[in-house]
>>> print(open('protein-v1.txt').read())   # compact mmCIF, N, CA and C atoms
# COMPACT_ATOMS: atom_id res chain seq x y z
N MET A 4 0.84 -1.17 0.00
CA MET A 4 0.00 0.00 0.00
C MET A 4 0.89 1.24 0.00
N HIS A 5 0.54 2.19 -0.85
CA HIS A 5 1.29 3.44 -0.92
C HIS A 5 0.34 4.60 -1.18
N GLY A 6 0.79 5.79 -0.81
CA GLY A 6 -0.04 6.97 -0.96
C GLY A 6 0.62 8.01 -1.84
N LYS A 7 -0.19 8.86 -2.44
CA LYS A 7 0.29 9.97 -3.24
C LYS A 7 -0.49 11.22 -2.85
N ILE A 8 0.20 12.36 -2.85
CA ILE A 8 -0.43 13.65 -2.58
C ILE A 8 -0.51 14.42 -3.89
N TYR A 9 -1.68 15.00 -4.14
CA TYR A 9 -1.91 15.77 -5.35
C TYR A 9 -2.27 17.21 -4.97
N ASN A 10 -1.86 18.16 -5.81
CA ASN A 10 -2.19 19.56 -5.59
C ASN A 10 -3.53 19.95 -6.19
N LYS A 11 -4.13 19.06 -6.95
CA LYS A 11 -5.48 19.29 -7.47
C LYS A 11 -6.22 17.96 -7.40
N LEU A 12 -7.53 18.01 -7.47
CA LEU A 12 -8.36 16.82 -7.32
C LEU A 12 -8.07 15.83 -8.44
N PRO A 13 -7.47 14.67 -8.12
CA PRO A 13 -7.20 13.67 -9.16
C PRO A 13 -8.46 12.84 -9.43
N LYS A 14 -8.51 12.23 -10.59
CA LYS A 14 -9.69 11.43 -10.95
C LYS A 14 -9.88 10.27 -9.99
N GLU A 15 -8.81 9.72 -9.43
CA GLU A 15 -8.93 8.62 -8.48
C GLU A 15 -9.70 9.05 -7.23
N ALA A 16 -9.36 10.22 -6.69
CA ALA A 16 -10.07 10.74 -5.51
C ALA A 16 -11.51 11.06 -5.86
N GLN A 17 -11.72 11.63 -7.03
CA GLN A 17 -13.07 11.97 -7.46
C GLN A 17 -13.93 10.71 -7.57
N GLU A 18 -13.39 9.65 -8.12
CA GLU A 18 -14.14 8.40 -8.27
C GLU A 18 -14.48 7.77 -6.92
N ILE A 19 -13.52 7.78 -5.98
CA ILE A 19 -13.77 7.22 -4.65
C ILE A 19 -14.86 8.02 -3.95
N ARG A 20 -14.76 9.33 -3.97
CA ARG A 20 -15.76 10.18 -3.31
C ARG A 20 -17.13 10.04 -3.95
N ASP A 21 -17.17 9.92 -5.25
CA ASP A 21 -18.44 9.70 -5.95
C ASP A 21 -19.06 8.38 -5.50
N MET A 22 -18.24 7.33 -5.44
CA MET A 22 -18.74 6.02 -5.04
C MET A 22 -19.26 6.02 -3.60
N VAL A 23 -18.48 6.59 -2.68
CA VAL A 23 -18.81 6.53 -1.25
C VAL A 23 -19.88 7.56 -0.87
N PHE A 24 -19.64 8.82 -1.18
CA PHE A 24 -20.52 9.86 -0.67
C PHE A 24 -21.79 10.06 -1.51
N ILE A 25 -21.69 9.93 -2.81
CA ILE A 25 -22.87 10.16 -3.65
C ILE A 25 -23.68 8.88 -3.84
N LYS A 26 -23.02 7.84 -4.34
CA LYS A 26 -23.77 6.61 -4.64
C LYS A 26 -24.19 5.84 -3.38
N GLU A 27 -23.29 5.70 -2.39
CA GLU A 27 -23.62 4.93 -1.18
C GLU A 27 -24.42 5.74 -0.17
N GLN A 28 -23.99 6.99 0.09
CA GLN A 28 -24.56 7.75 1.19
C GLN A 28 -25.59 8.79 0.75
N GLY A 29 -25.71 9.04 -0.53
CA GLY A 29 -26.75 9.91 -1.03
C GLY A 29 -26.50 11.40 -0.95
N PHE A 30 -25.25 11.83 -0.75
CA PHE A 30 -24.95 13.26 -0.75
C PHE A 30 -25.00 13.79 -2.18
N CYS A 31 -25.35 15.05 -2.33
CA CYS A 31 -25.42 15.68 -3.66
C CYS A 31 -24.30 16.69 -3.87
N ASP A 32 -24.01 17.47 -2.83
CA ASP A 32 -23.03 18.56 -2.95
C ASP A 32 -21.64 18.10 -2.52
N GLU A 33 -21.12 17.10 -3.20
CA GLU A 33 -19.84 16.50 -2.80
C GLU A 33 -18.64 17.34 -3.21
N PHE A 34 -18.67 17.93 -4.36
CA PHE A 34 -17.51 18.64 -4.89
C PHE A 34 -17.74 20.14 -4.77
N ASP A 35 -16.70 20.86 -4.33
CA ASP A 35 -16.85 22.29 -4.08
C ASP A 35 -15.57 23.04 -4.43
N GLU A 36 -15.58 24.35 -4.16
CA GLU A 36 -14.43 25.20 -4.50
C GLU A 36 -13.18 24.83 -3.71
N ILE A 37 -13.33 24.19 -2.57
CA ILE A 37 -12.17 23.79 -1.76
C ILE A 37 -11.30 22.79 -2.52
N ASP A 38 -11.92 21.96 -3.35
CA ASP A 38 -11.15 20.99 -4.12
C ASP A 38 -10.07 21.63 -4.98
N ALA A 39 -10.27 22.90 -5.35
CA ALA A 39 -9.31 23.59 -6.21
C ALA A 39 -8.02 23.96 -5.48
N TYR A 40 -8.09 24.17 -4.15
CA TYR A 40 -6.87 24.57 -3.44
C TYR A 40 -6.42 23.59 -2.37
N ALA A 41 -7.21 22.59 -2.06
CA ALA A 41 -6.80 21.58 -1.07
C ALA A 41 -5.76 20.65 -1.67
N LYS A 42 -5.02 20.01 -0.79
CA LYS A 42 -4.16 18.89 -1.20
C LYS A 42 -5.01 17.64 -1.03
N HIS A 43 -4.80 16.69 -1.93
CA HIS A 43 -5.60 15.47 -1.94
C HIS A 43 -4.68 14.27 -1.78
N PHE A 44 -5.01 13.42 -0.80
CA PHE A 44 -4.25 12.21 -0.52
C PHE A 44 -5.03 11.04 -1.11
N VAL A 45 -4.35 10.16 -1.85
CA VAL A 45 -4.98 8.94 -2.34
C VAL A 45 -4.10 7.77 -1.94
N LEU A 46 -4.72 6.76 -1.33
CA LEU A 46 -4.02 5.51 -0.99
C LEU A 46 -4.31 4.49 -2.08
N PHE A 47 -3.27 3.76 -2.46
CA PHE A 47 -3.38 2.73 -3.49
C PHE A 47 -2.98 1.37 -2.92
N ASP A 48 -3.68 0.34 -3.34
CA ASP A 48 -3.29 -1.05 -3.12
C ASP A 48 -2.80 -1.52 -4.48
N GLY A 49 -1.48 -1.50 -4.66
CA GLY A 49 -0.93 -1.73 -5.99
C GLY A 49 -1.32 -0.55 -6.87
N GLU A 50 -2.09 -0.82 -7.90
CA GLU A 50 -2.57 0.25 -8.79
C GLU A 50 -4.00 0.67 -8.49
N ILE A 51 -4.65 0.01 -7.52
CA ILE A 51 -6.06 0.26 -7.23
C ILE A 51 -6.20 1.38 -6.20
N PRO A 52 -6.87 2.49 -6.54
CA PRO A 52 -7.13 3.54 -5.55
C PRO A 52 -8.20 3.06 -4.57
N ILE A 53 -7.88 3.11 -3.26
CA ILE A 53 -8.78 2.52 -2.27
C ILE A 53 -9.29 3.51 -1.22
N ALA A 54 -8.64 4.66 -1.07
CA ALA A 54 -9.05 5.62 -0.03
C ALA A 54 -8.54 7.00 -0.39
N THR A 55 -9.23 8.00 0.13
CA THR A 55 -8.82 9.37 -0.15
C THR A 55 -9.23 10.30 0.99
N CYS A 56 -8.59 11.44 1.06
CA CYS A 56 -9.00 12.56 1.90
C CYS A 56 -8.37 13.82 1.33
N ARG A 57 -8.82 14.95 1.82
CA ARG A 57 -8.21 16.22 1.42
C ARG A 57 -7.87 16.99 2.68
N PHE A 58 -6.91 17.91 2.57
CA PHE A 58 -6.57 18.76 3.70
C PHE A 58 -6.14 20.12 3.19
N PHE A 59 -6.39 21.14 4.02
CA PHE A 59 -6.10 22.50 3.63
C PHE A 59 -6.06 23.37 4.87
N ASN A 60 -5.43 24.54 4.74
CA ASN A 60 -5.48 25.51 5.82
C ASN A 60 -6.18 26.75 5.30
N ARG A 61 -6.74 27.51 6.21
CA ARG A 61 -7.46 28.73 5.80
C ARG A 61 -6.65 29.95 6.24
N GLU A 62 -6.90 30.43 7.43
CA GLU A 62 -6.24 31.65 7.89
C GLU A 62 -4.85 31.38 8.44
N SER A 63 -4.73 30.35 9.24
CA SER A 63 -3.50 30.10 9.98
C SER A 63 -2.74 28.92 9.38
N CYS A 64 -1.44 29.06 9.30
CA CYS A 64 -0.61 27.94 8.84
C CYS A 64 -0.54 26.83 9.87
N GLU A 65 -0.97 27.13 11.10
CA GLU A 65 -0.93 26.11 12.16
C GLU A 65 -2.21 25.30 12.23
N GLU A 66 -3.28 25.75 11.59
CA GLU A 66 -4.57 25.07 11.67
C GLU A 66 -5.01 24.56 10.31
N TYR A 67 -5.24 23.27 10.24
CA TYR A 67 -5.63 22.61 9.00
C TYR A 67 -6.97 21.92 9.17
N TYR A 68 -7.67 21.76 8.06
CA TYR A 68 -8.93 21.03 8.01
C TYR A 68 -8.70 19.77 7.18
N ILE A 69 -9.13 18.65 7.71
CA ILE A 69 -9.06 17.38 6.99
C ILE A 69 -10.51 16.98 6.71
N GLY A 70 -10.75 16.54 5.51
CA GLY A 70 -12.12 16.17 5.18
C GLY A 70 -12.22 15.23 4.02
N ARG A 71 -13.47 14.88 3.69
CA ARG A 71 -13.79 13.99 2.58
C ARG A 71 -13.00 12.68 2.69
N ILE A 72 -12.93 12.18 3.92
CA ILE A 72 -12.22 10.92 4.19
C ILE A 72 -13.11 9.77 3.74
N ALA A 73 -12.64 8.99 2.79
CA ALA A 73 -13.46 7.92 2.22
C ALA A 73 -12.59 6.70 1.91
N VAL A 74 -13.12 5.53 2.26
CA VAL A 74 -12.48 4.25 1.96
C VAL A 74 -13.50 3.43 1.18
N ILE A 75 -13.08 2.82 0.07
CA ILE A 75 -14.03 2.03 -0.70
C ILE A 75 -14.45 0.80 0.12
N LYS A 76 -15.68 0.38 -0.12
CA LYS A 76 -16.35 -0.63 0.72
C LYS A 76 -15.52 -1.89 0.93
N GLU A 77 -14.89 -2.39 -0.10
CA GLU A 77 -14.14 -3.65 0.00
C GLU A 77 -12.94 -3.57 0.95
N TYR A 78 -12.51 -2.36 1.29
CA TYR A 78 -11.32 -2.19 2.13
C TYR A 78 -11.64 -1.67 3.53
N ARG A 79 -12.90 -1.54 3.86
CA ARG A 79 -13.27 -1.04 5.18
C ARG A 79 -13.05 -2.11 6.25
N GLY A 80 -12.87 -1.66 7.49
CA GLY A 80 -12.69 -2.57 8.61
C GLY A 80 -11.28 -3.12 8.72
N GLN A 81 -10.35 -2.54 8.00
CA GLN A 81 -8.96 -3.02 8.01
C GLN A 81 -7.98 -1.98 8.55
N GLY A 82 -8.49 -0.90 9.13
CA GLY A 82 -7.63 0.14 9.68
C GLY A 82 -7.12 1.13 8.66
N ILE A 83 -7.65 1.08 7.45
CA ILE A 83 -7.17 1.96 6.38
C ILE A 83 -7.57 3.41 6.63
N GLY A 84 -8.77 3.65 7.13
CA GLY A 84 -9.18 5.02 7.44
C GLY A 84 -8.27 5.67 8.47
N ALA A 85 -7.93 4.92 9.52
CA ALA A 85 -7.03 5.43 10.56
C ALA A 85 -5.64 5.68 9.98
N TYR A 86 -5.17 4.78 9.14
CA TYR A 86 -3.86 4.92 8.51
C TYR A 86 -3.83 6.17 7.62
N LEU A 87 -4.86 6.37 6.82
CA LEU A 87 -4.95 7.53 5.94
C LEU A 87 -4.96 8.82 6.76
N LEU A 88 -5.73 8.83 7.84
CA LEU A 88 -5.80 10.00 8.71
C LEU A 88 -4.42 10.32 9.31
N ARG A 89 -3.70 9.29 9.75
CA ARG A 89 -2.35 9.51 10.29
C ARG A 89 -1.41 10.08 9.23
N LEU A 90 -1.50 9.56 8.00
CA LEU A 90 -0.65 10.08 6.92
C LEU A 90 -0.95 11.56 6.67
N ALA A 91 -2.23 11.92 6.65
CA ALA A 91 -2.60 13.33 6.45
C ALA A 91 -2.09 14.19 7.61
N GLU A 92 -2.26 13.70 8.84
CA GLU A 92 -1.78 14.46 10.00
C GLU A 92 -0.27 14.62 9.95
N ASP A 93 0.46 13.58 9.54
CA ASP A 93 1.92 13.67 9.42
C ASP A 93 2.32 14.72 8.39
N GLU A 94 1.58 14.79 7.29
CA GLU A 94 1.88 15.80 6.27
C GLU A 94 1.56 17.20 6.79
N VAL A 95 0.48 17.34 7.53
CA VAL A 95 0.14 18.62 8.14
C VAL A 95 1.26 19.06 9.09
N LYS A 96 1.73 18.13 9.94
CA LYS A 96 2.83 18.45 10.86
C LYS A 96 4.09 18.85 10.10
N ARG A 97 4.38 18.13 9.01
CA ARG A 97 5.56 18.41 8.22
C ARG A 97 5.53 19.83 7.64
N THR A 98 4.34 20.34 7.37
CA THR A 98 4.21 21.69 6.82
C THR A 98 4.00 22.75 7.90
N GLY A 99 4.15 22.37 9.17
CA GLY A 99 4.07 23.33 10.26
C GLY A 99 2.74 23.38 10.98
N GLY A 100 1.80 22.54 10.60
CA GLY A 100 0.50 22.52 11.26
C GLY A 100 0.58 22.02 12.68
N LYS A 101 -0.20 22.61 13.57
CA LYS A 101 -0.19 22.21 14.98
C LYS A 101 -1.50 21.58 15.43
N ARG A 102 -2.59 21.82 14.67
CA ARG A 102 -3.88 21.20 15.02
C ARG A 102 -4.68 20.98 13.75
N THR A 103 -5.55 19.99 13.84
CA THR A 103 -6.43 19.68 12.72
C THR A 103 -7.88 19.72 13.18
N PHE A 104 -8.74 20.09 12.26
CA PHE A 104 -10.18 20.13 12.49
C PHE A 104 -10.85 19.27 11.44
N LEU A 105 -11.99 18.72 11.79
CA LEU A 105 -12.80 18.03 10.80
C LEU A 105 -14.26 18.13 11.17
N HIS A 106 -15.09 18.04 10.16
CA HIS A 106 -16.55 18.12 10.31
C HIS A 106 -17.06 16.71 10.07
N ALA A 107 -17.16 15.94 11.14
CA ALA A 107 -17.43 14.50 11.05
C ALA A 107 -18.92 14.19 11.00
N GLN A 108 -19.25 13.18 10.24
CA GLN A 108 -20.61 12.64 10.33
C GLN A 108 -20.77 12.11 11.75
N GLN A 109 -21.90 12.40 12.37
CA GLN A 109 -22.15 12.00 13.75
C GLN A 109 -21.90 10.50 13.95
N ARG A 110 -22.28 9.69 12.96
CA ARG A 110 -22.11 8.23 13.08
C ARG A 110 -20.65 7.80 13.09
N ALA A 111 -19.74 8.69 12.66
CA ALA A 111 -18.31 8.36 12.65
C ALA A 111 -17.56 8.98 13.83
N LYS A 112 -18.29 9.65 14.72
CA LYS A 112 -17.66 10.35 15.85
C LYS A 112 -16.77 9.42 16.68
N GLY A 113 -17.24 8.23 16.98
CA GLY A 113 -16.45 7.28 17.77
C GLY A 113 -15.14 6.91 17.11
N PHE A 114 -15.15 6.74 15.79
CA PHE A 114 -13.93 6.45 15.05
C PHE A 114 -12.91 7.57 15.25
N TYR A 115 -13.36 8.81 15.10
CA TYR A 115 -12.44 9.94 15.23
C TYR A 115 -11.97 10.13 16.67
N GLU A 116 -12.83 9.85 17.64
CA GLU A 116 -12.40 9.92 19.04
C GLU A 116 -11.27 8.92 19.30
N LYS A 117 -11.34 7.74 18.71
CA LYS A 117 -10.25 6.75 18.86
C LYS A 117 -8.95 7.24 18.25
N GLN A 118 -9.04 8.19 17.31
CA GLN A 118 -7.84 8.75 16.67
C GLN A 118 -7.35 10.00 17.40
N GLY A 119 -7.99 10.33 18.53
CA GLY A 119 -7.54 11.46 19.33
C GLY A 119 -8.29 12.76 19.12
N TYR A 120 -9.38 12.74 18.38
CA TYR A 120 -10.16 13.95 18.14
C TYR A 120 -11.17 14.18 19.25
N ILE A 121 -11.42 15.46 19.54
CA ILE A 121 -12.38 15.85 20.57
C ILE A 121 -13.46 16.71 19.90
N SER A 122 -14.71 16.38 20.16
CA SER A 122 -15.81 17.14 19.56
C SER A 122 -16.01 18.44 20.32
N TYR A 123 -16.54 19.44 19.63
CA TYR A 123 -16.88 20.71 20.26
C TYR A 123 -18.07 21.31 19.54
N GLY A 124 -18.77 22.18 20.24
CA GLY A 124 -19.92 22.84 19.66
C GLY A 124 -21.13 21.93 19.56
N GLU A 125 -22.14 22.42 18.90
CA GLU A 125 -23.39 21.68 18.72
C GLU A 125 -23.35 20.93 17.40
N ALA A 126 -24.05 19.81 17.37
CA ALA A 126 -24.20 19.09 16.12
C ALA A 126 -24.99 19.94 15.14
N ASP A 127 -24.69 19.83 13.86
CA ASP A 127 -25.43 20.55 12.83
C ASP A 127 -25.72 19.59 11.68
N MET A 128 -26.54 20.06 10.77
CA MET A 128 -26.95 19.21 9.66
C MET A 128 -26.22 19.63 8.39
N GLU A 129 -25.75 18.66 7.67
CA GLU A 129 -25.17 18.88 6.35
C GLU A 129 -25.87 17.90 5.42
N GLU A 130 -26.63 18.40 4.50
CA GLU A 130 -27.43 17.58 3.58
C GLU A 130 -28.24 16.52 4.33
N ASN A 131 -28.95 16.96 5.36
CA ASN A 131 -29.83 16.09 6.17
C ASN A 131 -29.09 15.00 6.93
N CYS A 132 -27.80 15.17 7.13
CA CYS A 132 -27.00 14.20 7.89
C CYS A 132 -26.35 14.95 9.06
N PRO A 133 -26.55 14.47 10.31
CA PRO A 133 -25.94 15.16 11.46
C PRO A 133 -24.41 15.07 11.43
N HIS A 134 -23.78 16.21 11.65
CA HIS A 134 -22.32 16.32 11.70
C HIS A 134 -21.92 17.02 12.99
N ILE A 135 -20.66 16.84 13.38
CA ILE A 135 -20.11 17.50 14.56
C ILE A 135 -18.68 17.96 14.24
N TRP A 136 -18.33 19.15 14.73
CA TRP A 136 -16.95 19.62 14.56
C TRP A 136 -16.06 18.92 15.58
N MET A 137 -14.86 18.57 15.15
CA MET A 137 -13.89 17.90 16.02
C MET A 137 -12.50 18.50 15.78
N CYS A 138 -11.65 18.40 16.81
CA CYS A 138 -10.32 19.01 16.75
C CYS A 138 -9.30 18.06 17.38
N LYS A 139 -8.08 18.15 16.90
CA LYS A 139 -6.98 17.36 17.48
C LYS A 139 -5.71 18.22 17.49
N GLU A 140 -5.07 18.26 18.65
CA GLU A 140 -3.76 18.92 18.76
C GLU A 140 -2.71 17.91 18.31
N LEU A 141 -1.85 18.34 17.39
CA LEU A 141 -0.81 17.44 16.89
C LEU A 141 0.44 17.62 17.72
N GLY A 142 0.96 16.52 18.22
CA GLY A 142 2.15 16.57 19.10
C GLY A 142 3.44 16.69 18.36
>>> encode(input="protein-v1.txt", output="structure tokens")
Amino acid sequence: MHGKIYNKLPKEAQEIRDMVFIKEQGFCDEFDEIDAYAKHFVLFDGEIPIATCRFFNRESCEEYYIGRIAVIKEYRGQGIGAYLLRLAEDEVKRTGGKRTFLHAQQRAKGFYEKQGYISYGEADMEENCPHIWMCKELG
């Protein structure tokens, strides 16, 4: 398994997100202006793209947002999501980031808590799906 970072949305990440978020979960507004400036991580099993996420900073070079974390169905339950998140966090640290934020689906909150994230604020709705903001200080 190996990963690649892209400076623009690659077709592999687009296909994974389309499969997971649009076809499986029913989201409509999957792609946005953030895709144009975010970095995109894609994990491959050989030549097969199996997982993706994006990360970006807004105002502060120390604060990054990680999002659109998706693993294709056949590879779930194998620790790949946690591995991908660690790779993204390592890249954020390498570029000077000190904390990461994410807007997690409420049903995935426990997964992110196991990765060291702490929820804050009130839950909100994104396309009729409850989400919660979460943060992690990077050591």
>>> residues_around(input="protein-v1.txt", residues="range 19-35 of chain A", least_positions_apart="5", cutoff="8 Å", atoms="only N, CA and C atoms", output="number ranges by chain")
A: 13-14, 40, 52-55, 71-76, 129-130
>>> atom_distance(input="protein-v1.txt", atom1="CA of Leu12 in chain A", atom2="CA of Leu46 in chain A")
13.7 Å
>>> atom_distance(input="protein-v1.txt", atom1="atom N of Ala111 in chain A", atom2="CA of Glu18 in chain A")
21.7 Å
>>> residues_around(input="protein-v1.txt", residues="range 85-100 of chain A", least_positions_apart="5", cutoff="8 Å", atoms="all atoms listed in the file", output="JSON, numbers by chain")
{"A": [44, 45, 46, 54, 55, 56, 57, 58, 63, 64, 65, 66, 67, 69, 72, 114, 118, 140, 141, 142]}
>>> write_last_selection(input="protein-v1.txt", atoms="N, CA and C atoms", output="PDB file, in the coordinates of the input")
ATOM      1  N   PHE A  44      -5.010  13.420  -0.800  1.00  0.00           N
ATOM      2  CA  PHE A  44      -4.250  12.210  -0.520  1.00  0.00           C
ATOM      3  C   PHE A  44      -5.030  11.040  -1.110  1.00  0.00           C
ATOM      4  N   VAL A  45      -4.350  10.160  -1.850  1.00  0.00           N
ATOM      5  CA  VAL A  45      -4.980   8.940  -2.340  1.00  0.00           C
ATOM      6  C   VAL A  45      -4.100   7.770  -1.940  1.00  0.00           C
ATOM      7  N   LEU A  46      -4.720   6.760  -1.330  1.00  0.00           N
ATOM      8  CA  LEU A  46      -4.020   5.510  -0.990  1.00  0.00           C
ATOM      9  C   LEU A  46      -4.310   4.490  -2.080  1.00  0.00           C
ATOM     10  N   ALA A  54      -8.640   4.660  -1.070  1.00  0.00           N
ATOM     11  CA  ALA A  54      -9.050   5.620  -0.030  1.00  0.00           C
ATOM     12  C   ALA A  54      -8.540   7.000  -0.390  1.00  0.00           C
ATOM     13  N   THR A  55      -9.230   8.000   0.130  1.00  0.00           N
ATOM     14  CA  THR A  55      -8.820   9.370  -0.150  1.00  0.00           C
ATOM     15  C   THR A  55      -9.230  10.300   0.990  1.00  0.00           C
ATOM     16  N   CYS A  56      -8.590  11.440   1.060  1.00  0.00           N
ATOM     17  CA  CYS A  56      -9.000  12.560   1.900  1.00  0.00           C
ATOM     18  C   CYS A  56      -8.370  13.820   1.330  1.00  0.00           C
ATOM     19  N   ARG A  57      -8.820  14.950   1.820  1.00  0.00           N
ATOM     20  CA  ARG A  57      -8.210  16.220   1.420  1.00  0.00           C
ATOM     21  C   ARG A  57      -7.870  16.990   2.680  1.00  0.00           C
ATOM     22  N   PHE A  58      -6.910  17.910   2.570  1.00  0.00           N
ATOM     23  CA  PHE A  58      -6.570  18.760   3.700  1.00  0.00           C
ATOM     24  C   PHE A  58      -6.140  20.120   3.190  1.00  0.00           C
ATOM     25  N   SER A  63      -4.730  30.350   9.240  1.00  0.00           N
ATOM     26  CA  SER A  63      -3.500  30.100   9.980  1.00  0.00           C
ATOM     27  C   SER A  63      -2.740  28.920   9.380  1.00  0.00           C
ATOM     28  N   CYS A  64      -1.440  29.060   9.300  1.00  0.00           N
ATOM     29  CA  CYS A  64      -0.610  27.940   8.840  1.00  0.00           C
ATOM     30  C   CYS A  64      -0.540  26.830   9.870  1.00  0.00           C
ATOM     31  N   GLU A  65      -0.970  27.130  11.100  1.00  0.00           N
ATOM     32  CA  GLU A  65      -0.930  26.110  12.160  1.00  0.00           C
ATOM     33  C   GLU A  65      -2.210  25.300  12.230  1.00  0.00           C
ATOM     34  N   GLU A  66      -3.280  25.750  11.590  1.00  0.00           N
ATOM     35  CA  GLU A  66      -4.570  25.070  11.670  1.00  0.00           C
ATOM     36  C   GLU A  66      -5.010  24.560  10.310  1.00  0.00           C
ATOM     37  N   TYR A  67      -5.240  23.270  10.240  1.00  0.00           N
ATOM     38  CA  TYR A  67      -5.630  22.610   9.000  1.00  0.00           C
ATOM     39  C   TYR A  67      -6.970  21.920   9.170  1.00  0.00           C
ATOM     40  N   ILE A  69      -9.130  18.650   7.710  1.00  0.00           N
ATOM     41  CA  ILE A  69      -9.060  17.380   6.990  1.00  0.00           C
ATOM     42  C   ILE A  69     -10.510  16.980   6.710  1.00  0.00           C
ATOM     43  N   ILE A  72     -12.930  12.180   3.920  1.00  0.00           N
ATOM     44  CA  ILE A  72     -12.220  10.920   4.190  1.00  0.00           C
ATOM     45  C   ILE A  72     -13.110   9.770   3.740  1.00  0.00           C
ATOM     46  N   PHE A 114     -15.150   6.740  15.790  1.00  0.00           N
ATOM     47  CA  PHE A 114     -13.930   6.450  15.050  1.00  0.00           C
ATOM     48  C   PHE A 114     -12.910   7.570  15.250  1.00  0.00           C
ATOM     49  N   GLN A 118      -9.040   8.190  17.310  1.00  0.00           N
ATOM     50  CA  GLN A 118      -7.840   8.750  16.670  1.00  0.00           C
ATOM     51  C   GLN A 118      -7.350  10.000  17.400  1.00  0.00           C
ATOM     52  N   GLU A 140      -5.070  18.260  18.650  1.00  0.00           N
ATOM     53  CA  GLU A 140      -3.760  18.920  18.760  1.00  0.00           C
ATOM     54  C   GLU A 140      -2.710  17.910  18.310  1.00  0.00           C
ATOM     55  N   LEU A 141      -1.850  18.340  17.390  1.00  0.00           N
ATOM     56  CA  LEU A 141      -0.810  17.440  16.890  1.00  0.00           C
ATOM     57  C   LEU A 141       0.440  17.620  17.720  1.00  0.00           C
ATOM     58  N   GLY A 142       0.960  16.520  18.220  1.00  0.00           N
ATOM     59  CA  GLY A 142       2.150  16.570  19.100  1.00  0.00           C
ATOM     60  C   GLY A 142       3.440  16.690  18.360  1.00  0.00           C
TER      61      GLY A 142
END
>>> closest_residue(input="protein-v1.txt", among="A:His43, A:Ile37, A:Arg79, A:Tyr68", to="Arg102 in chain A", atoms="all atoms listed in the file")
A:Tyr68
>>> atom_distance(input="protein-v1.txt", atom1="atom N of Ala16 in chain A", atom2="atom C of Met128 in chain A")
24.5 Å
>>> closest_residue(input="protein-v1.txt", among="A:Glu50, A:Gly84, A:Met137, A:Asn60", to="Phe104 in chain A", atoms="only C-alpha atoms")
A:Met137
>>> select_by_dssp(input="protein-v1.txt", residues="range 51-98 of chain A", states="strand (DSSP E or B)", output="list in words")
Ile51, Pro52, Ile53, Ala54, Thr55, Cys56, Arg57, Phe58, Phe59, Asn60, Glu66, Tyr67, Tyr68, Ile69, Gly70, Arg71, Ile72, Ala73 and Val74 of chain A
>>> select_by_dssp(input="protein-v1.txt", residues="range 49-139 of chain A", states="helix (DSSP H, G or I)", output="short mmCIF file (atom, residue, chain, number, x, y, z; two decimals) with N, CA and C atoms, in the frame of the given file")
data_model
loop_
_atom_site.label_atom_id
_atom_site.label_comp_id
_atom_site.auth_asym_id
_atom_site.auth_seq_id
_atom_site.Cartn_x
_atom_site.Cartn_y
_atom_site.Cartn_z
N LYS A 76 -15.68 0.38 -0.12
CA LYS A 76 -16.35 -0.63 0.72
C LYS A 76 -15.52 -1.89 0.93
N GLU A 77 -14.89 -2.39 -0.10
CA GLU A 77 -14.14 -3.65 0.00
C GLU A 77 -12.94 -3.57 0.95
N TYR A 78 -12.51 -2.36 1.29
CA TYR A 78 -11.32 -2.19 2.13
C TYR A 78 -11.64 -1.67 3.53
N ILE A 83 -7.65 1.08 7.45
CA ILE A 83 -7.17 1.96 6.38
C ILE A 83 -7.57 3.41 6.63
N GLY A 84 -8.77 3.65 7.13
CA GLY A 84 -9.18 5.02 7.44
C GLY A 84 -8.27 5.67 8.47
N ALA A 85 -7.93 4.92 9.52
CA ALA A 85 -7.03 5.43 10.56
C ALA A 85 -5.64 5.68 9.98
N TYR A 86 -5.17 4.78 9.14
CA TYR A 86 -3.86 4.92 8.51
C TYR A 86 -3.83 6.17 7.62
N LEU A 87 -4.86 6.37 6.82
CA LEU A 87 -4.95 7.53 5.94
C LEU A 87 -4.96 8.82 6.76
N LEU A 88 -5.73 8.83 7.84
CA LEU A 88 -5.80 10.00 8.71
C LEU A 88 -4.42 10.32 9.31
N ARG A 89 -3.70 9.29 9.75
CA ARG A 89 -2.35 9.51 10.29
C ARG A 89 -1.41 10.08 9.23
N LEU A 90 -1.50 9.56 8.00
CA LEU A 90 -0.65 10.08 6.92
C LEU A 90 -0.95 11.56 6.67
N ALA A 91 -2.23 11.92 6.65
CA ALA A 91 -2.60 13.33 6.45
C ALA A 91 -2.09 14.19 7.61
N GLU A 92 -2.26 13.70 8.84
CA GLU A 92 -1.78 14.46 10.00
C GLU A 92 -0.27 14.62 9.95
N ASP A 93 0.46 13.58 9.54
CA ASP A 93 1.92 13.67 9.42
C ASP A 93 2.32 14.72 8.39
N GLU A 94 1.58 14.79 7.29
CA GLU A 94 1.88 15.80 6.27
C GLU A 94 1.56 17.20 6.79
N VAL A 95 0.48 17.34 7.53
CA VAL A 95 0.14 18.62 8.14
C VAL A 95 1.26 19.06 9.09
N LYS A 96 1.73 18.13 9.94
CA LYS A 96 2.83 18.45 10.86
C LYS A 96 4.09 18.85 10.10
N ARG A 97 4.38 18.13 9.01
CA ARG A 97 5.56 18.41 8.22
C ARG A 97 5.53 19.83 7.64
N GLN A 109 -21.90 12.40 12.37
CA GLN A 109 -22.15 12.00 13.75
C GLN A 109 -21.90 10.50 13.95
N ARG A 110 -22.28 9.69 12.96
CA ARG A 110 -22.11 8.23 13.08
C ARG A 110 -20.65 7.80 13.09
N ALA A 111 -19.74 8.69 12.66
CA ALA A 111 -18.31 8.36 12.65
C ALA A 111 -17.56 8.98 13.83
N LYS A 112 -18.29 9.65 14.72
CA LYS A 112 -17.66 10.35 15.85
C LYS A 112 -16.77 9.42 16.68
N GLY A 113 -17.24 8.23 16.98
CA GLY A 113 -16.45 7.28 17.77
C GLY A 113 -15.14 6.91 17.11
N PHE A 114 -15.15 6.74 15.79
CA PHE A 114 -13.93 6.45 15.05
C PHE A 114 -12.91 7.57 15.25
N TYR A 115 -13.36 8.81 15.10
CA TYR A 115 -12.44 9.94 15.23
C TYR A 115 -11.97 10.13 16.67
N GLU A 116 -12.83 9.85 17.64
CA GLU A 116 -12.40 9.92 19.04
C GLU A 116 -11.27 8.92 19.30
N LYS A 117 -11.34 7.74 18.71
CA LYS A 117 -10.25 6.75 18.86
C LYS A 117 -8.95 7.24 18.25
#
